[in-house]
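Enquirer: For reference, the file coords_27.cif (mmCIF, C-alpha atoms) is included below:
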data_upload
#
loop_
_atom_site.label_atom_id
_atom_site.label_comp_id
_atom_site.auth_asym_id
_atom_site.auth_seq_id
_atom_site.Cartn_x
_atom_site.Cartn_y
_atom_site.Cartn_z
CA MET A 1 -16.00 -27.12 -8.84
CA ILE A 2 -12.79 -28.45 -10.35
CA LYS A 3 -11.68 -24.85 -10.75
CA ALA A 4 -12.34 -24.18 -7.09
CA LYS A 5 -10.28 -27.23 -6.15
CA GLN A 6 -7.46 -26.11 -8.42
CA LEU A 7 -7.52 -22.68 -6.83
CA ALA A 8 -7.47 -24.17 -3.33
CA LEU A 9 -4.57 -26.42 -4.33
CA SER A 10 -2.64 -23.54 -5.94
CA ALA A 11 -3.31 -21.38 -2.89
CA GLY A 12 -2.05 -24.18 -0.65
CA ILE A 13 1.14 -24.51 -2.71
CA LEU A 14 1.61 -20.73 -2.66
CA VAL A 15 1.30 -20.55 1.13
CA ALA A 16 3.63 -23.55 1.53
CA CYS A 17 6.26 -21.97 -0.75
CA VAL A 18 6.06 -18.64 1.03
CA SER A 19 6.30 -20.30 4.45
CA ALA A 20 9.28 -22.36 3.36
CA THR A 21 11.23 -19.43 1.95
CA ALA A 22 10.16 -16.71 4.37
CA PRO A 23 13.23 -16.82 6.63
CA ALA A 24 15.56 -16.61 3.63
CA TYR A 25 14.50 -13.26 2.20
CA ALA A 26 16.70 -10.32 2.98
CA ASP A 27 15.70 -7.52 0.65
CA ASN A 28 12.93 -6.04 2.74
CA GLY A 29 13.96 -2.41 3.15
CA ARG A 30 10.46 -0.97 3.00
CA LEU A 31 7.72 -0.86 5.62
CA LEU A 32 4.93 -3.42 5.87
CA ALA A 33 2.15 -3.04 3.26
CA THR A 34 4.06 -0.47 1.15
CA GLY A 35 4.29 -3.03 -1.66
CA ALA A 36 0.47 -3.02 -1.70
CA ALA A 37 -1.45 -5.98 -3.14
CA SER A 38 -1.49 -7.57 -6.61
CA THR A 39 -4.18 -6.17 -8.88
CA ILE A 40 -6.21 -8.28 -11.29
CA GLU A 41 -3.87 -6.98 -14.03
CA GLY A 42 -0.71 -8.06 -12.20
CA ALA A 43 0.70 -4.68 -11.15
CA SER A 44 1.06 -3.56 -7.54
CA GLY A 45 -2.02 -1.73 -6.28
CA GLY A 46 -5.43 -2.38 -4.82
CA GLY A 47 -7.75 -4.92 -6.42
CA ILE A 48 -8.79 -3.20 -9.65
CA VAL A 49 -6.59 -0.06 -9.64
CA PRO A 50 -2.81 -0.03 -10.21
CA TRP A 51 -1.12 2.25 -7.67
CA ALA A 52 2.08 4.29 -7.79
CA THR A 53 3.51 1.70 -5.39
CA LEU A 54 6.01 -0.90 -6.61
CA SER A 55 5.51 -4.53 -5.62
CA SER A 56 7.45 -6.31 -2.84
CA TYR A 57 9.62 -4.63 -0.19
CA ALA A 58 12.69 -3.95 -2.35
CA SER A 59 14.40 -0.66 -1.47
CA GLU A 60 17.55 0.83 -3.06
CA ASN A 61 19.78 -1.85 -4.63
CA GLN A 62 17.37 -4.58 -3.55
CA TRP A 63 15.31 -7.11 -5.49
CA GLY A 64 11.82 -8.31 -4.67
CA ALA A 65 9.29 -10.59 -6.28
CA THR A 66 5.65 -11.55 -5.81
CA VAL A 67 3.35 -14.31 -6.97
CA ALA A 68 -0.40 -13.93 -6.69
CA LEU A 69 -3.71 -15.65 -7.23
CA GLY A 70 -6.96 -13.78 -7.61
CA GLU A 71 -10.56 -14.70 -8.18
CA VAL A 72 -13.60 -12.52 -8.85
CA GLN A 73 -16.99 -14.23 -8.58
CA VAL A 74 -20.04 -12.31 -9.75
CA ASP A 75 -23.51 -13.49 -10.78
CA ASP A 76 -22.82 -14.57 -14.37
CA PHE A 77 -19.02 -14.46 -14.63
CA ARG A 78 -15.86 -15.55 -12.92
CA LEU A 79 -12.40 -14.04 -13.42
CA SER A 80 -9.35 -16.08 -12.40
CA VAL A 81 -5.96 -14.41 -12.33
CA GLN A 82 -2.47 -15.78 -11.82
CA GLY A 83 0.21 -13.15 -11.61
CA ALA A 84 3.84 -12.51 -10.80
CA SER A 85 6.05 -9.47 -10.53
CA LEU A 86 9.68 -8.49 -10.08
CA THR A 87 10.81 -5.17 -8.60
CA TYR A 88 14.25 -3.62 -8.45
CA GLY A 89 15.26 -0.83 -6.12
CA ASN A 90 11.76 0.57 -5.51
CA ARG A 91 12.23 1.96 -9.01
CA VAL A 92 11.16 -0.54 -11.70
CA GLU A 93 8.45 -3.19 -11.59
CA VAL A 94 7.76 -5.75 -14.29
CA SER A 95 4.66 -7.89 -13.99
CA TYR A 96 2.73 -10.61 -15.72
CA ALA A 97 -0.88 -11.69 -15.33
CA ASN A 98 -2.82 -14.48 -16.93
CA GLN A 99 -6.56 -13.86 -16.92
CA VAL A 100 -9.29 -16.42 -17.59
CA PHE A 101 -12.83 -15.04 -17.72
CA ASP A 102 -15.43 -17.76 -17.38
CA LEU A 103 -18.75 -16.86 -19.01
CA LYS A 104 -20.83 -18.96 -16.65
CA THR A 105 -24.22 -18.09 -18.14
CA ILE A 106 -23.30 -17.38 -21.76
CA GLY A 107 -20.84 -20.28 -21.96
CA GLY A 108 -17.18 -20.33 -22.92
CA GLU A 109 -14.06 -18.59 -21.71
CA LEU A 110 -12.10 -15.46 -22.58
CA LYS A 111 -8.36 -15.43 -21.94
CA GLN A 112 -5.59 -12.87 -22.11
CA ASP A 113 -2.01 -12.22 -21.05
CA ILE A 114 -0.95 -8.90 -19.54
CA PHE A 115 2.69 -7.77 -19.52
CA GLY A 116 3.25 -4.78 -17.25
CA LEU A 117 6.02 -2.27 -16.68
CA LYS A 118 5.96 0.46 -14.04
CA VAL A 119 8.60 3.02 -13.17
CA ARG A 120 8.61 5.26 -10.12
CA ALA A 121 9.27 8.73 -11.51
CA PHE A 122 9.67 10.69 -8.26
CA GLY A 123 8.45 11.10 -4.70
CA ASP A 124 7.89 8.66 -1.89
CA LEU A 125 4.72 7.06 -0.57
CA ILE A 126 5.53 7.95 3.04
CA TYR A 127 8.44 10.40 3.31
CA GLY A 128 8.63 13.99 2.11
CA ASP A 129 5.94 16.31 0.81
CA LEU A 130 5.63 14.98 -2.72
CA PRO A 131 3.38 12.04 -3.53
CA GLN A 132 4.95 8.96 -5.07
CA VAL A 133 4.36 9.25 -8.81
CA SER A 134 4.81 6.34 -11.20
CA VAL A 135 4.18 5.79 -14.88
CA GLY A 136 3.30 2.42 -16.28
CA LEU A 137 2.10 0.47 -19.25
CA GLN A 138 0.18 -2.76 -19.64
CA HIS A 139 0.47 -4.63 -22.88
CA LYS A 140 -2.47 -7.00 -23.24
CA ARG A 141 -2.83 -9.87 -25.71
CA ASN A 142 -6.03 -11.85 -26.18
CA ARG A 143 -5.65 -15.60 -26.41
CA THR A 144 -9.30 -15.89 -27.46
CA PHE A 145 -10.66 -13.42 -29.99
CA ASP A 146 -13.67 -15.08 -31.66
CA LEU A 147 -16.24 -13.64 -29.30
CA PRO A 148 -14.62 -10.16 -28.99
CA GLN A 149 -14.50 -9.96 -32.79
CA THR A 150 -18.13 -11.06 -33.10
CA VAL A 151 -19.30 -8.30 -30.74
CA GLY A 152 -17.35 -5.64 -32.62
CA ALA A 153 -13.86 -5.40 -31.12
CA ALA A 154 -11.26 -3.95 -33.49
CA ASP A 155 -8.02 -5.51 -32.17
CA ASP A 156 -6.89 -8.56 -30.23
CA SER A 157 -4.11 -6.69 -28.46
CA GLY A 158 -3.60 -3.27 -26.96
CA THR A 159 -1.46 -1.25 -24.61
CA ASP A 160 -2.72 0.82 -21.69
CA VAL A 161 -0.55 3.70 -20.48
CA TYR A 162 -1.11 5.16 -17.02
CA ILE A 163 0.21 7.60 -14.47
CA SER A 164 -0.44 7.10 -10.76
CA ALA A 165 0.12 9.27 -7.70
CA ALA A 166 -0.08 7.82 -4.19
CA LYS A 167 0.45 9.26 -0.73
CA ALA A 168 0.18 7.77 2.74
CA TRP A 169 -0.46 9.89 5.83
CA LEU A 170 0.93 8.07 8.86
CA ASP A 171 -1.15 10.21 11.23
CA GLY A 172 -4.29 10.89 9.20
CA PRO A 173 -7.91 11.36 10.34
CA PHE A 174 -8.72 9.52 13.59
CA HIS A 175 -4.93 9.16 14.08
CA ARG A 176 -5.00 6.29 11.58
CA THR A 177 -2.72 5.79 8.60
CA TRP A 178 -4.47 6.63 5.32
CA LEU A 179 -3.51 6.07 1.72
CA VAL A 180 -4.92 7.75 -1.36
CA ASN A 181 -4.08 6.76 -4.92
CA LEU A 182 -5.20 8.46 -8.13
CA THR A 183 -4.57 6.94 -11.54
CA ALA A 184 -5.24 8.23 -15.05
CA ARG A 185 -5.16 5.60 -17.77
CA ALA A 186 -5.19 5.92 -21.55
CA THR A 187 -6.81 2.77 -22.89
CA LYS A 188 -8.76 1.12 -25.69
CA ALA A 189 -9.44 -2.04 -23.68
CA ASN A 190 -12.99 -3.40 -23.50
CA GLN A 191 -13.68 -5.03 -20.11
CA LEU A 192 -9.95 -4.96 -19.19
CA GLY A 193 -9.21 -6.17 -22.74
CA LEU A 194 -11.02 -9.47 -22.31
CA LEU A 195 -13.45 -8.25 -25.00
CA GLY A 196 -10.66 -6.95 -27.19
CA PHE A 197 -9.50 -3.41 -27.91
CA GLY A 198 -11.38 -0.59 -29.58
CA GLY A 199 -14.70 -1.26 -31.27
CA ASP A 200 -17.47 -0.39 -33.66
CA LYS A 201 -18.68 2.45 -31.44
CA ASP A 202 -15.29 4.01 -30.61
CA ASP A 203 -11.82 2.97 -31.75
CA ASP A 204 -9.75 5.73 -30.12
CA TYR A 205 -7.82 5.88 -26.88
CA SER A 206 -9.72 7.51 -24.03
CA ILE A 207 -8.52 8.73 -20.64
CA GLN A 208 -10.10 6.98 -17.66
CA ALA A 209 -9.91 8.00 -13.99
CA GLU A 210 -9.30 5.49 -11.22
CA ALA A 211 -9.06 6.06 -7.48
CA SER A 212 -8.50 4.20 -4.23
CA VAL A 213 -8.71 5.26 -0.59
CA ALA A 214 -7.56 3.02 2.24
CA MET A 215 -7.42 3.37 6.01
CA PHE A 216 -5.16 1.19 8.14
CA ILE A 217 -6.97 0.10 11.29
CA ASN A 218 -3.59 -1.07 12.56
CA ARG A 219 -0.23 -1.95 10.95
CA LYS A 220 -1.56 -5.13 9.39
CA LEU A 221 -5.17 -4.47 8.52
CA ALA A 222 -6.59 -1.95 6.07
CA VAL A 223 -10.05 -1.23 4.71
CA GLY A 224 -10.77 0.79 1.61
CA VAL A 225 -12.80 1.56 -1.47
CA GLU A 226 -11.91 1.72 -5.16
CA TYR A 227 -13.40 3.17 -8.29
CA ARG A 228 -12.45 2.47 -11.88
CA GLN A 229 -13.90 4.36 -14.81
CA LYS A 230 -14.09 2.32 -18.02
CA PRO A 231 -14.40 3.16 -21.68
CA ASP A 232 -17.46 2.27 -23.76
CA ASN A 233 -16.31 1.18 -27.22
CA LEU A 234 -18.64 -1.64 -28.18
CA GLY A 235 -22.12 -1.09 -29.64
CA PHE A 236 -23.61 -4.41 -28.53
CA ALA A 237 -23.66 -3.62 -24.79
CA ARG A 238 -22.89 -0.66 -22.62
CA GLU A 239 -19.67 -0.91 -20.55
CA GLU A 240 -19.91 0.52 -17.05
CA ASP A 241 -17.60 1.67 -14.26
CA TRP A 242 -16.43 -0.68 -11.51
CA TYR A 243 -16.40 -0.31 -7.73
CA ASP A 244 -15.15 -2.35 -4.82
CA ALA A 245 -14.85 -2.15 -1.05
CA PHE A 246 -11.96 -4.17 0.34
CA VAL A 247 -10.27 -5.51 3.44
CA ALA A 248 -6.52 -6.14 3.13
CA TYR A 249 -4.53 -8.12 5.64
CA PHE A 250 -0.74 -8.14 5.77
CA PRO A 251 0.15 -10.67 8.52
CA THR A 252 3.83 -10.63 7.50
CA LYS A 253 5.99 -9.19 4.71
CA SER A 254 5.69 -12.57 2.98
CA LEU A 255 1.94 -12.80 2.64
CA SER A 256 -1.06 -10.62 1.96
CA ILE A 257 -4.74 -11.43 1.61
CA VAL A 258 -7.35 -9.15 0.10
CA GLY A 259 -11.09 -9.75 0.22
CA ALA A 260 -13.54 -7.40 -1.45
CA TYR A 261 -17.14 -6.83 -2.33
CA THR A 262 -17.21 -5.85 -5.99
CA ASP A 263 -19.86 -4.15 -8.07
CA LEU A 264 -19.05 -4.63 -11.75
CA GLN A 265 -22.51 -3.44 -12.84
CA SER A 266 -23.47 -4.57 -16.35
CA ILE A 267 -21.14 -6.83 -18.35
CA ALA A 268 -21.97 -7.89 -21.92
CA GLY A 269 -25.59 -6.90 -21.42
CA LEU A 270 -26.02 -8.90 -18.19
CA ASP A 271 -26.94 -6.46 -15.42
CA ASP A 272 -26.22 -6.24 -11.70
CA GLN A 273 -22.95 -8.16 -11.61
CA ASP A 274 -21.90 -7.94 -7.99
CA GLY A 275 -20.02 -10.45 -5.93
CA PHE A 276 -16.76 -11.17 -4.21
CA TYR A 277 -13.05 -10.86 -4.87
CA LEU A 278 -10.31 -12.77 -3.15
CA SER A 279 -6.60 -12.35 -3.72
CA LEU A 280 -3.60 -14.01 -2.17
CA GLN A 281 -0.07 -12.72 -2.63
CA GLY A 282 3.26 -14.23 -1.67
CA THR A 283 6.27 -11.91 -1.50
CA PHE A 284 9.90 -12.95 -1.74
CA MET B 1 -26.35 34.83 37.10
CA MET B 2 -23.47 34.57 39.56
CA PHE B 3 -22.95 30.96 38.57
CA LYS B 4 -22.91 31.85 34.89
CA THR B 5 -20.27 34.54 35.41
CA ARG B 6 -18.08 32.13 37.35
CA LEU B 7 -18.49 29.50 34.69
CA LEU B 8 -17.50 32.00 32.01
CA ALA B 9 -14.44 33.06 34.04
CA ALA B 10 -13.45 29.43 34.54
CA MET B 11 -13.81 28.74 30.83
CA LEU B 12 -11.71 31.76 29.97
CA LEU B 13 -9.00 30.65 32.40
CA LEU B 14 -9.02 27.14 31.02
CA GLY B 15 -8.87 28.53 27.51
CA LEU B 16 -5.87 30.68 28.39
CA ALA B 17 -4.13 27.80 30.13
CA GLY B 18 -4.77 25.66 27.06
CA SER B 19 -3.30 28.21 24.71
CA VAL B 20 -0.03 28.72 26.60
CA GLN B 21 0.54 25.10 27.60
CA ALA B 22 1.78 22.85 24.80
CA ASP B 23 -0.36 19.84 23.90
CA ASP B 24 1.21 17.00 25.86
CA SER B 25 -1.44 14.37 25.03
CA LEU B 26 1.01 12.31 22.97
CA TYR B 27 3.61 12.50 25.75
CA GLN B 28 0.94 11.21 28.15
CA GLN B 29 -0.15 8.46 25.72
CA LEU B 30 3.46 7.27 25.47
CA GLY B 31 3.52 6.90 29.26
CA GLY B 32 5.49 10.05 30.07
CA LYS B 33 9.24 10.10 30.38
CA GLN B 34 9.44 6.62 31.90
CA GLY B 35 7.24 5.16 29.16
CA ILE B 36 9.33 6.80 26.44
CA SER B 37 12.55 5.62 28.09
CA ASN B 38 11.18 2.06 28.13
CA VAL B 39 10.16 2.19 24.45
CA MET B 40 13.59 3.55 23.44
CA ALA B 41 15.33 0.83 25.46
CA GLU B 42 13.21 -1.84 23.77
CA MET B 43 13.94 -0.31 20.36
CA LEU B 44 17.71 -0.35 20.96
CA TYR B 45 17.47 -3.93 22.18
CA GLU B 46 15.66 -4.88 18.95
CA LEU B 47 18.14 -2.92 16.89
CA ALA B 48 21.09 -4.74 18.45
CA GLY B 49 19.65 -8.00 17.10
CA ASP B 50 18.81 -6.65 13.64
CA ASP B 51 21.46 -7.84 11.17
CA ARG B 52 20.43 -5.16 8.69
CA ILE B 53 21.63 -2.23 10.80
CA ALA B 54 23.22 -3.49 14.05
CA ASP B 55 26.76 -3.05 12.65
CA GLN B 56 26.17 0.66 12.11
CA PHE B 57 25.81 1.15 15.86
CA ALA B 58 28.89 -0.94 16.76
CA ASP B 59 30.93 2.09 17.87
CA THR B 60 28.00 4.00 19.37
CA ASP B 61 27.76 4.83 23.08
CA ILE B 62 24.39 3.13 23.56
CA ASP B 63 23.67 4.67 26.99
CA ARG B 64 24.12 8.16 25.61
CA LEU B 65 22.09 7.29 22.47
CA HIS B 66 19.29 6.04 24.71
CA GLN B 67 19.38 9.25 26.74
CA MET B 68 19.37 11.46 23.63
CA LEU B 69 16.54 9.51 21.94
CA THR B 70 14.46 9.67 25.12
CA GLU B 71 15.02 13.44 25.40
CA GLN B 72 14.18 13.99 21.77
CA VAL B 73 11.00 11.91 21.74
CA CYS B 74 9.98 13.50 25.06
CA GLU B 75 10.40 16.96 23.54
CA ILE B 76 8.66 16.35 20.19
CA SER B 77 5.75 14.58 21.90
CA GLY B 78 5.09 17.70 23.97
CA GLY B 79 6.80 16.59 27.19
CA PRO B 80 8.87 18.77 29.57
CA CYS B 81 12.27 17.97 28.04
CA THR B 82 14.86 19.67 25.88
CA TYR B 83 16.92 17.70 23.38
CA THR B 84 20.57 18.38 24.26
CA GLY B 85 22.10 16.28 21.51
CA GLU B 86 23.80 17.49 18.37
CA ASP B 87 22.04 18.81 15.28
CA MET B 88 20.32 15.96 13.40
CA VAL B 89 21.75 16.86 10.00
CA LYS B 90 25.26 17.23 11.44
CA ILE B 91 25.32 13.83 13.16
CA HIS B 92 23.99 11.96 10.13
CA THR B 93 26.07 13.68 7.44
CA GLY B 94 28.57 11.34 5.82
CA LEU B 95 26.96 8.21 7.21
CA ASN B 96 25.20 7.40 3.91
CA ILE B 97 22.10 6.19 5.68
CA THR B 98 19.67 4.59 3.21
CA ASN B 99 15.88 4.40 3.18
CA ALA B 100 16.25 0.72 4.07
CA ASP B 101 18.32 1.66 7.17
CA PHE B 102 15.76 4.28 8.21
CA ASN B 103 12.87 1.86 7.69
CA ALA B 104 14.66 -0.84 9.68
CA LEU B 105 14.85 1.54 12.64
CA VAL B 106 11.17 2.44 12.20
CA GLU B 107 10.31 -1.26 12.28
CA ASN B 108 12.32 -1.74 15.46
CA LEU B 109 10.48 1.21 16.99
CA ILE B 110 7.11 -0.26 16.00
CA ILE B 111 8.04 -3.61 17.59
CA ALA B 112 9.10 -1.74 20.75
CA MET B 113 5.87 0.26 20.89
CA GLU B 114 3.78 -2.88 20.35
CA ARG B 115 5.68 -4.58 23.18
CA GLU B 116 5.08 -1.60 25.47
CA ASP B 117 1.36 -1.58 24.57
CA VAL B 118 1.43 1.87 23.00
CA PRO B 119 -1.96 2.30 21.26
CA THR B 120 -1.99 2.45 17.43
CA THR B 121 -3.16 6.07 17.49
CA ALA B 122 -0.17 7.17 19.58
CA GLN B 123 2.18 5.04 17.44
CA ASN B 124 0.93 6.86 14.34
CA ARG B 125 1.35 10.28 15.94
CA LEU B 126 4.95 9.55 16.93
CA LEU B 127 5.84 7.86 13.63
CA SER B 128 4.48 10.85 11.74
CA LEU B 129 6.68 13.25 13.77
CA LEU B 130 9.73 11.04 13.19
CA ALA B 131 8.96 10.63 9.48
CA ASP B 132 9.27 14.41 9.19
CA MET B 133 12.95 13.99 10.15
CA HIS B 134 13.59 11.60 7.23
CA ASN B 135 15.39 14.29 5.22
CA GLU B 136 17.63 15.09 8.22
CA VAL B 137 18.83 11.49 8.34
CA VAL B 138 18.73 9.72 4.95
CA GLY B 139 21.08 10.28 2.02
CA LEU B 140 23.37 12.82 3.69
#
Re-express the file's structure as structure tokens.

Expert:
Amino acid sequence: MIKAKQLALSAGILVACVSATAPAYADNGRLLATGAASTIEGASGGGIVPWATLSSYASENQWGATVALGEVQVDDFRLSVQGASLTYGNRVEVSYANQVFDLKTIGGELKQDIFGLKVRAFGDLIYGDLPQVSVGLQHKRNRTFDLPQTVGAADDSGTDVYISAAKAWLDGPFHRTWLVNLTARATKANQLGLLGFGGDKDDDYSIQAEASVAMFINRKLAVGVEYRQKPDNLGFAREEDWYDAFVAYFPTKSLSIVGAYTDLQSIAGLDDQDGFYLSLQGTF
Amino acid sequence: MMFKTRLLAAMLLLGLAGSVQADDSLYQQLGGKQGISNVMAEMLYELAGDDRIADQFADTDIDRLHQMLTEQVCEISGGPCTYTGEDMVKIHTGLNITNADFNALVENLIIAMEREDVPTTAQNRLLSLLADMHNEVVGL
């Protein structure tokens, strides 16, 4: 309950800050929604999948920044995320996310920091024939490792490396704008890294596939689905793939709101973890 | 029997007419030549107030620009017009137009289309056609 109040207060402050600074921003050389949302790992993307997009609306020689709050509520767990990112020239994005995973039923909390870097290699989301292709890494550091170690995790830090390709079709099926993103990630992270990296069952990097499809109903409102394949490194409980179906609203270039239904399946042996995701992003 | 033959003949005729006549459904959705002219006028009005790119049109003959844009959009949307302006690459070469400039114009166009009640589907069709011209405008 206190957490919920804190979130509401933080969200209020975020909206107030964005409202206060909105008229001052100038570096907004990209079209609405092309900065995408803030993922639970801090990078620009959907909810659970990092996209080839770079955060904010910074185009050539421009700077942009975002701050974001996210919350995933499923049956036995709650994930709270605070994130921020900085983008230069629609070329380089650095991001940070602080995750707190509340084990509501089991008791206790898992925490980690995620430092992200993403570089657009070539292509453009909207213009030209090539998709926008970016490469990125996410360096993750556990701030709590007792439980991960107990259940068989090998390391308390790890680095994911990924490549993403995204393309938007302005005049797609039904004359709507569509976006497709595909990501391949090399990772050792157990449950995003919250349960450490590598494990008793498998301590090698594995390649995981992630995908998102979104359709814009109009300029400001999109609906979509996401899939994220996950590794299975720990012997104590099977790790499963994640899914979500989202609605994203971009009322202005300063603010975006994403709501989703998420199916996280089985986590740490507790089955049928489905629930809701809410994310709020301010862009400067 | 007679009716069926006539129906078949009518269908054939319609089919032929459809194949020689260009699809002008987007032109119609944009409100024909008058509708397109109104959208372009709104866009230029927006552009004039847009600090990001207004300066770049300071020495432009706006009446002629309006006429050329209207002709061009009329033509690419399937309307009965012929663009009489200069080659797109030629007029933009040396202007160093950036993605941000191009996107600013797109945003002004979107505002204009919203104001003229152009449906989202028609907006997307036109934006897609104009996006194809990106490489004839930006970075030359």

Enquirer: Please, which residues of chain B lie no more than 7 Å from chain A when the count uses only C-alpha atoms, and can they be set out as a list in words?

Expert: Ala100, Asn103, Ala104, Thr120, Thr121, Asn124, Arg125, Leu127, Ser128, Ala131 and His134 of chain B

Enquirer: Would you kindly translate the PyMOL selection byres ((chain B and resi 81-86) around 10) into the concrete residues it picks from this file, as a PyMOL selection string?

Expert: chain B and resi 33+64-65+67-80+87-92

Enquirer: Set up a box along x, y and z of the file covering all listed atoms of stretch 45-64 of chain B, add 5 Å on every one of the six sides, and write the centre and edge lengths in Å to one decimal, as lines of an AutoDock Vina configuration file.

Expert:
center_x = 23.3
center_y = 0.1
center_z = 17.8
size_x = 25.3
size_y = 26.2
size_z = 28.3

Enquirer: Leaving out A:Asp146 and any residue of its chain fewer than 2 positions from it, which residues lie within 10 Å of it when counting only C-alpha atoms, given as a PyMOL selection string?

Expert: chain A and resi 110+142-144+148-151+153+156+195-196

Enquirer: Which residues would end up in the selection if the PyMOL selection byres ((chain A and resi 260-276) around 6) were applied here, given that I need the answer as a list in words?

Expert: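 Taken over the shown coordinates, the PyMOL selection byres ((chain A and resi 260-276) around 6) returns Val72, Gln73, Val74, Asp75, Ala237, Trp242, Tyr243, Asp244, Ala245, Phe246, Gly259 and Tyr277 of chain A.
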
Enquirer: Please produce a file of those selected residues containing C-alpha atoms, as a PDB file, keeping the file's coordinate frame.

Expert:
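Wrote it out as result04.pdb, contents follow:
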ATOM      1  CA  VAL A  72     -13.600 -12.520  -8.850  1.00  0.00           C
ATOM      2  CA  GLN A  73     -16.990 -14.230  -8.580  1.00  0.00           C
ATOM      3  CA  VAL A  74     -20.040 -12.310  -9.750  1.00  0.00           C
ATOM      4  CA  ASP A  75     -23.510 -13.490 -10.780  1.00  0.00           C
ATOM      5  CA  ALA A 237     -23.660  -3.620 -24.790  1.00  0.00           C
ATOM      6  CA  TRP A 242     -16.430  -0.680 -11.510  1.00  0.00           C
ATOM      7  CA  TYR A 243     -16.400  -0.310  -7.730  1.00  0.00           C
ATOM      8  CA  ASP A 244     -15.150  -2.350  -4.820  1.00  0.00           C
ATOM      9  CA  ALA A 245     -14.850  -2.150  -1.050  1.00  0.00           C
ATOM     10  CA  PHE A 246     -11.960  -4.170   0.340  1.00  0.00           C
ATOM     11  CA  GLY A 259     -11.090  -9.750   0.220  1.00  0.00           C
ATOM     12  CA  TYR A 277     -13.050 -10.860  -4.870  1.00  0.00           C
TER      13      TYR A 277
END

Enquirer: Got a sec: who's within 8 Å of A:Phe101, counting all atoms listed in the file, leaving out chain neighbours fewer than 6 positions off, as a count of residues only?

Expert: 8

Enquirer: One number please: atom CA of A:Ser164 to atom CA of A:Trp63, in Å, one decimal.

Expert: 21.9 Å

Enquirer: Could you list, as an MDAnalysis selection string, every residue matched by the PyMOL selection byres ((chain A and resi 118) around 6) in this structure?

Expert: chainID A and resid 92:93 117 119 135:136

Enquirer: Write stretch 97-109 of chain B as a PDB file, in the frame of the given file, completed to N, CA and C atoms.

Expert:
ATOM      1  N   ILE B  97      23.238   6.983   5.211  1.00  0.00           N
ATOM      2  CA  ILE B  97      22.100   6.190   5.680  1.00  0.00           C
ATOM      3  C   ILE B  97      21.062   6.074   4.561  1.00  0.00           C
ATOM      4  N   THR B  98      20.617   4.838   4.300  1.00  0.00           N
ATOM      5  CA  THR B  98      19.670   4.590   3.210  1.00  0.00           C
ATOM      6  C   THR B  98      18.235   4.559   3.745  1.00  0.00           C
ATOM      7  N   ASN B  99      17.283   4.576   2.805  1.00  0.00           N
ATOM      8  CA  ASN B  99      15.880   4.400   3.180  1.00  0.00           C
ATOM      9  C   ASN B  99      15.681   3.079   3.917  1.00  0.00           C
ATOM     10  N   ALA B 100      16.382   2.044   3.438  1.00  0.00           N
ATOM     11  CA  ALA B 100      16.250   0.720   4.070  1.00  0.00           C
ATOM     12  C   ALA B 100      16.724   0.773   5.523  1.00  0.00           C
ATOM     13  N   ASP B 101      17.827   1.514   5.789  1.00  0.00           N
ATOM     14  CA  ASP B 101      18.320   1.660   7.170  1.00  0.00           C
ATOM     15  C   ASP B 101      17.267   2.373   8.025  1.00  0.00           C
ATOM     16  N   PHE B 102      16.754   3.471   7.485  1.00  0.00           N
ATOM     17  CA  PHE B 102      15.760   4.280   8.210  1.00  0.00           C
ATOM     18  C   PHE B 102      14.523   3.440   8.524  1.00  0.00           C
ATOM     19  N   ASN B 103      14.063   2.693   7.498  1.00  0.00           N
ATOM     20  CA  ASN B 103      12.870   1.860   7.690  1.00  0.00           C
ATOM     21  C   ASN B 103      13.104   0.739   8.694  1.00  0.00           C
ATOM     22  N   ALA B 104      14.331   0.219   8.712  1.00  0.00           N
ATOM     23  CA  ALA B 104      14.660  -0.840   9.680  1.00  0.00           C
ATOM     24  C   ALA B 104      14.502  -0.299  11.099  1.00  0.00           C
ATOM     25  N   LEU B 105      14.977   0.920  11.318  1.00  0.00           N
ATOM     26  CA  LEU B 105      14.850   1.540  12.640  1.00  0.00           C
ATOM     27  C   LEU B 105      13.375   1.774  12.985  1.00  0.00           C
ATOM     28  N   VAL B 106      12.612   2.230  11.989  1.00  0.00           N
ATOM     29  CA  VAL B 106      11.170   2.440  12.200  1.00  0.00           C
ATOM     30  C   VAL B 106      10.509   1.131  12.617  1.00  0.00           C
ATOM     31  N   GLU B 107      10.892   0.042  11.939  1.00  0.00           N
ATOM     32  CA  GLU B 107      10.310  -1.260  12.280  1.00  0.00           C
ATOM     33  C   GLU B 107      10.670  -1.689  13.698  1.00  0.00           C
ATOM     34  N   ASN B 108      11.913  -1.416  14.097  1.00  0.00           N
ATOM     35  CA  ASN B 108      12.320  -1.740  15.460  1.00  0.00           C
ATOM     36  C   ASN B 108      11.532  -0.911  16.474  1.00  0.00           C
ATOM     37  N   LEU B 109      11.272   0.330  16.117  1.00  0.00           N
ATOM     38  CA  LEU B 109      10.480   1.210  16.990  1.00  0.00           C
ATOM     39  C   LEU B 109       9.050   0.696  17.119  1.00  0.00           C
TER      40      LEU B 109
END
